[in-house]
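A.B. asks: Okay, handing you the structure first.
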Amino acid sequence: KVFVELDENIERLYPLKRPSKVTVKTKNESYTCRIDLPVGEPENPIDNQNLIKKFHDINPKVDLHVLDVINELESYNMSELMNILSNEFTNLNE
């Protein structure tokens with residue numbers, strides 16, 4: 001079961017921070033984690049290594065070399081870029 005509740009103490013931090021708090025209750029324990037600025041926010045950017053790891057975790061069958069185009073975006077026109085990415089994802093279904 002999931003319950004969403006407004007926490008006024010956390011809400012007051014917005015917009016300087018975008019906090020959230022999650023509590024998971026089990027039969028015997030309760031675990032809480034609060035994050036004020038999630039990774040990926042402008043004030044807490046994700047580094048390339050963790051971004052690539054996250055991409056791979058979500059897309060384990062994609063050849064990570066397809067991401068090399070990110071470092072050379074200016075050298076591609078949009079059509080070429082979309083073809084490169086589209087071909088990689090199309091090949092996953094074969």
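Ordering of the structure tokens sets the chain letters (A, B, ...), residue numbers begin anew at 1 in every chain, and ligands are numbered from 1 in the order given.
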Within chain A, find each residue whose DSSP state, derived from the backbone, is strand (DSSP E), and express the selection as a ChimeraX atom specification.
C.D. replies: /A:20-25,30-35
A.B. asks: Using N, CA and C atoms, can you write the selected residues to a file as a PDB file, in the first residue's frame?
C.D. replies:
```pdb
ATOM      1  N   SER A  20      12.056  15.319  -0.842  1.00  0.00           N
ATOM      2  CA  SER A  20      11.054  14.270  -0.684  1.00  0.00           C
ATOM      3  C   SER A  20      11.537  13.340   0.422  1.00  0.00           C
ATOM      4  N   LYS A  21      10.592  12.675   1.020  1.00  0.00           N
ATOM      5  CA  LYS A  21      10.904  11.734   2.093  1.00  0.00           C
ATOM      6  C   LYS A  21      10.079  10.478   1.855  1.00  0.00           C
ATOM      7  N   VAL A  22      10.727   9.347   1.988  1.00  0.00           N
ATOM      8  CA  VAL A  22      10.054   8.062   1.810  1.00  0.00           C
ATOM      9  C   VAL A  22      10.257   7.256   3.083  1.00  0.00           C
ATOM     10  N   THR A  23       9.171   6.678   3.546  1.00  0.00           N
ATOM     11  CA  THR A  23       9.235   5.775   4.688  1.00  0.00           C
ATOM     12  C   THR A  23       8.659   4.426   4.259  1.00  0.00           C
ATOM     13  N   VAL A  24       9.424   3.387   4.509  1.00  0.00           N
ATOM     14  CA  VAL A  24       8.984   2.025   4.220  1.00  0.00           C
ATOM     15  C   VAL A  24       8.826   1.328   5.557  1.00  0.00           C
ATOM     16  N   LYS A  25       7.625   0.805   5.767  1.00  0.00           N
ATOM     17  CA  LYS A  25       7.345   0.103   7.014  1.00  0.00           C
ATOM     18  C   LYS A  25       7.180  -1.385   6.726  1.00  0.00           C
ATOM     19  N   SER A  30      10.940   0.180  10.479  1.00  0.00           N
ATOM     20  CA  SER A  30      10.532   1.342   9.699  1.00  0.00           C
ATOM     21  C   SER A  30      11.808   2.026   9.208  1.00  0.00           C
ATOM     22  N   TYR A  31      11.894   2.272   7.903  1.00  0.00           N
ATOM     23  CA  TYR A  31      13.073   2.872   7.295  1.00  0.00           C
ATOM     24  C   TYR A  31      12.653   4.169   6.613  1.00  0.00           C
ATOM     25  N   THR A  32      13.384   5.249   6.891  1.00  0.00           N
ATOM     26  CA  THR A  32      13.056   6.550   6.296  1.00  0.00           C
ATOM     27  C   THR A  32      14.291   7.124   5.636  1.00  0.00           C
ATOM     28  N   CYS A  33      14.077   7.716   4.477  1.00  0.00           N
ATOM     29  CA  CYS A  33      15.149   8.406   3.756  1.00  0.00           C
ATOM     30  C   CYS A  33      14.595   9.726   3.244  1.00  0.00           C
ATOM     31  N   ARG A  34      15.332  10.787   3.452  1.00  0.00           N
ATOM     32  CA  ARG A  34      14.933  12.110   2.958  1.00  0.00           C
ATOM     33  C   ARG A  34      16.041  12.651   2.068  1.00  0.00           C
ATOM     34  N   ILE A  35      15.640  13.196   0.937  1.00  0.00           N
ATOM     35  CA  ILE A  35      16.565  13.806  -0.015  1.00  0.00           C
ATOM     36  C   ILE A  35      16.087  15.229  -0.251  1.00  0.00           C
TER      37      ILE A  35
END
```
A.B. asks: Determine, counting only C-alpha atoms, which protein, DNA and RNA residues have an atom within 12 Å of an atom of stretch 69-76 of chain A; residues of the same chain fewer than 4 positions away are not included. Present the result as an NGL selection string.
C.D. replies: :A and (48 or 51-52 or 64-65 or 80-85)
A.B. asks: Looking at A:Glu41, A:Asn50, A:Phe55, A:Asp36, which one is nearest to A:Leu13, with distances taken over only C-alpha atoms?
C.D. replies: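 Between A:Glu41, A:Asn50, A:Phe55, A:Asp36, the residue approaching A:Leu13 most closely is A:Asp36.
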A.B. asks: Using only C-alpha atoms, find the one residue out of A:Phe89, A:Ile46, A:Arg12, A:Asn28 that sits nearest to A:Asn59.
C.D. replies: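 Smallest distance to A:Asn59 is found for A:Phe89.
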A.B. asks: Just give me the gap between atom CA of A:Asn87 and atom CA of A:His56 in Å, one decimal is fine.
C.D. replies: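 Taking atom CA of A:Asn87 as the start and atom CA of A:His56 as the end point, the length is 17.1 Å.
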